[in-house]
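Report on the structure given below.
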Amino acid sequence: MGTPHIRILATGGTIAGSAGSAIGHGYRAGQVAIADMVAGAQALGIAAQLDGIDIAQVGSQDIGWPQWQPLHRHIVEALADEDIDGIIVTHGTDTAEETAMLLDITLPAGKPVVLVGAMRPADAVGSDGLRNFANAVRVAGDPAAHGRGVMLVMGDTVLAASDARKWATANIDAFRGYPRGPLGVVTPATLDWFGPADRTGNPARFAFPDRLPRVEILYAHAGMDEATVGALLRLDPAGMVLAGLGQGNAPRAVLSALAEVVASGRPVVRASRVDEGSVDRNVEVDDDAAGFIASRAYNPQKSRILLQVMLANGITDPARMQAEFDRR
Ligand code: GLU
């Protein structure tokens, strides 16, 4: 294979952030145009042909449906372009796990699609942006990266989109994989995969929807009562996700109110506010009786994306929904 041709789709984030000072504390995300980032990478002597398109220049706290639509469309175009070997999406880290999840379940597992971000702005001393970007180029240009689904490259590791979780607010090593650890480790000079691609040839799990229905996340806490469920219902959501205590638990009155939400035709997924661990069916909560779906290894924010995409695809059968949460 010759020099890989990689399409960069930029959305902003700290990887394109500027502090205006190498030792400054505050900074603004999404300041550096993708052409400048590509020039910086090319100056490193990376053996890849890079071309960049700016989709957005925002902090990822402001990413949502208006950015996801053009992003998905550009990726589908790049997947169909025989001259392009891989795709990189530069992204803020705050919501990278949600964008990664959405893309992962609505794209075929063919050419590599790699999200990359940074924790320190481009002009900060010890910035991780250019290194992470160079690592992402190595992954996106590697033939062995095909058939692995959407990936996230951060902190010299490659994580599958379904596993990637942001667990730290400031460390450059801000992401972990759960339930699987990294798929591999990467540096600008090396790339080691820990196993073979497991999704080769898989089509997209779901069609990319025309819109995403409203799904709200309910955060559980000690002393909570059912009034919050009623408040969220006034927003008329198509479904709810419980960021529950421990294994997706909540006070009895809240669980009763949520069972009524299910009875009104709105699916409820029980997830956990705890960072790691599975939420399984019928452990302490009687999911069969209440009609709840257990999120298994998906955290609340990933569960929300999966539920939204299923609802948008007309999937409402609870057994089918549970099977999709059971699947990795
Ligand atoms: N909040 C910004 C964002 O997610 C900056 C954080 C980051 O990129 O690491 O884009």
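Numbering starts fresh at 1 for the residues of each chain in the structure tokens, the chains themselves are lettered A, B, ... in the order given, and ligands are numbered from 1 as they appear.
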(Q) Which residues are near segment 39-43 of chain A? Cut-off 8 Å, only C-alpha atoms, ignore same chain within fewer than 6 positions. Put them as a list in words. (A) Leu130, Phe133 and Ala134 of chain A
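Those protein and nucleic acid residues that have any atom within 8 Å of ligand 1 are, using only C-alpha atoms and all ligand atoms, Gly12, Gly13, Thr14, Ile15, Gly17, Arg28, Ala29, Gly30, Val58, Gly59, Ser60, Gln61, Asp62, His91, Gly92, Thr93, Asp94, Thr95, Ala96, Gly117, Ala118, Met119, Arg120 and Ala170 of chain A.
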Residues of segment 121-167 of chain A in strand (DSSP E), written as a JSON list (two decimals) with N, CA and C atoms, in the first residue's frame:
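Produced file out23.json, reproduced below:
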```json
[["chain", "number", "residue", "atom", "x", "y", "z"],
["A", 150, "VAL", "N", -16.22, 2.29, 14.74],
["A", 150, "VAL", "CA", -15.68, 3.62, 15.05],
["A", 150, "VAL", "C", -14.77, 3.52, 16.27],
["A", 151, "MET", "N", -13.67, 4.25, 16.23],
["A", 151, "MET", "CA", -12.68, 4.19, 17.32],
["A", 151, "MET", "C", -12.39, 5.59, 17.84],
["A", 152, "LEU", "N", -11.84, 5.64, 19.06],
["A", 152, "LEU", "CA", -11.39, 6.90, 19.65],
["A", 152, "LEU", "C", -9.91, 6.73, 20.01],
["A", 153, "VAL", "N", -9.11, 7.68, 19.56],
["A", 153, "VAL", "CA", -7.68, 7.66, 19.89],
["A", 153, "VAL", "C", -7.39, 8.79, 20.87],
["A", 154, "MET", "N", -6.91, 8.44, 22.04],
["A", 154, "MET", "CA", -6.52, 9.42, 23.08],
["A", 154, "MET", "C", -5.45, 8.77, 23.95],
["A", 157, "THR", "N", -3.75, 5.37, 23.26],
["A", 157, "THR", "CA", -4.52, 4.14, 23.19],
["A", 157, "THR", "C", -5.63, 4.27, 22.15],
["A", 158, "VAL", "N", -6.05, 3.12, 21.64],
["A", 158, "VAL", "CA", -7.16, 3.06, 20.70],
["A", 158, "VAL", "C", -8.31, 2.35, 21.40],
["A", 159, "LEU", "N", -9.44, 3.04, 21.52],
["A", 159, "LEU", "CA", -10.62, 2.47, 22.19],
["A", 159, "LEU", "C", -11.74, 2.29, 21.18],
["A", 160, "ALA", "N", -12.52, 1.24, 21.34],
["A", 160, "ALA", "CA", -13.74, 1.09, 20.53],
["A", 160, "ALA", "C", -14.76, 2.11, 21.01],
["A", 164, "ALA", "N", -15.52, 3.43, 24.93],
["A", 164, "ALA", "CA", -14.81, 4.65, 25.37],
["A", 164, "ALA", "C", -15.63, 5.47, 26.34],
["A", 165, "ARG", "N", -15.03, 5.81, 27.47],
["A", 165, "ARG", "CA", -15.70, 6.65, 28.48],
["A", 165, "ARG", "C", -14.72, 7.69, 28.98],
["A", 166, "LYS", "N", -15.18, 8.94, 29.03],
["A", 166, "LYS", "CA", -14.35, 9.98, 29.63],
["A", 166, "LYS", "C", -14.47, 9.84, 31.15]]
```
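Excluding segment 186-195 of chain A itself and same-chain residues fewer than 6 positions from it, the residues having an atom within 9 Å of it are Ile46, Arg131, Asn132, Phe133, Ala134, Asn135, Ala136, Val137, Arg138, Val139, Asp142, Ala144, Ala145, Val153, Gly155, Asp156, Thr157 and Val158 of chain A, counting only C-alpha atoms.
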Q: Mind listing the alpha helix (DSSP H) residues of segment 68-109 of chain A, per DSSP on the backbone, as a list of chain:residue names?
A: A:Trp68, A:Gln69, A:Pro70, A:Leu71, A:His72, A:Arg73, A:His74, A:Ile75, A:Val76, A:Glu77, A:Ala78, A:Leu79, A:Ala80, A:Ala96, A:Glu97, A:Glu98, A:Thr99, A:Ala100, A:Met101, A:Leu102, A:Leu103, A:Asp104, A:Ile105, A:Thr106
Go ahead and save the picked residues with C-alpha atoms, as a CSV table (one decimal), in the first residue's frame.
```
chain,number,residue,atom,x,y,z
A,68,TRP,CA,-24.1,15.2,13.6
A,69,GLN,CA,-26.2,15.4,10.3
A,70,PRO,CA,-23.4,17.0,8.1
A,71,LEU,CA,-20.7,14.9,9.9
A,72,HIS,CA,-22.5,11.7,9.1
A,73,ARG,CA,-23.1,12.7,5.5
A,74,HIS,CA,-19.4,13.6,5.0
A,75,ILE,CA,-18.3,10.3,6.5
A,76,VAL,CA,-20.7,8.3,4.2
A,77,GLU,CA,-19.3,10.3,1.2
A,78,ALA,CA,-15.7,9.5,2.3
A,79,LEU,CA,-16.5,5.8,2.8
A,80,ALA,CA,-17.8,5.6,-0.7
A,96,ALA,CA,-16.8,12.5,22.1
A,97,GLU,CA,-18.3,9.3,23.6
A,98,GLU,CA,-21.8,10.3,22.4
A,99,THR,CA,-20.8,11.2,18.9
A,100,ALA,CA,-18.6,8.1,18.7
A,101,MET,CA,-21.6,5.9,19.8
A,102,LEU,CA,-24.0,7.5,17.3
A,103,LEU,CA,-21.6,7.1,14.4
A,104,ASP,CA,-20.7,3.5,15.5
A,105,ILE,CA,-24.2,2.2,15.4
A,106,THR,CA,-25.2,4.0,12.1
```
**Q.** For Gly314 of chain A: contacts at 12 Å, only C-alpha atoms, fewer than 5 positions along chain excluded, given as a ChimeraX atom specification
**A.** /A:206-207,209-213,238,307-309,320-321
For the contact check between segment 203-272 of chain A and segment 289-297 of chain A, emit one row per residue of segment 203-272 of chain A within 8 Å, containing the shortest atom pair and the distance in Å rounded to one decimal, counting only C-alpha atoms, chain then rising number order, as CSV.
```
residue,atom,partner,partner_atom,distance
A:Gly248,CA,A:Ala294,CA,7.9
A:Ala259,CA,A:Ala290,CA,5.0
A:Val262,CA,A:Gly291,CA,6.4
A:Ala263,CA,A:Gly291,CA,7.9
A:Pro267,CA,A:Phe292,CA,7.0
A:Val268,CA,A:Phe292,CA,5.5
A:Val269,CA,A:Ile293,CA,4.6
A:Arg270,CA,A:Ala294,CA,5.0
A:Ala271,CA,A:Ser295,CA,5.0
```
Q | Nearest candidate to Asp163 of chain A (options A:Gly223, A:Gly86, A:Gly265, A:Gly277; using only C-alpha atoms) | A | A:Gly277
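Nearest residue to Val283 of chain A, choosing from A:Ser162, A:Ser127, A:Gln247, A:Thr11 and counting only C-alpha atoms: A:Gln247.
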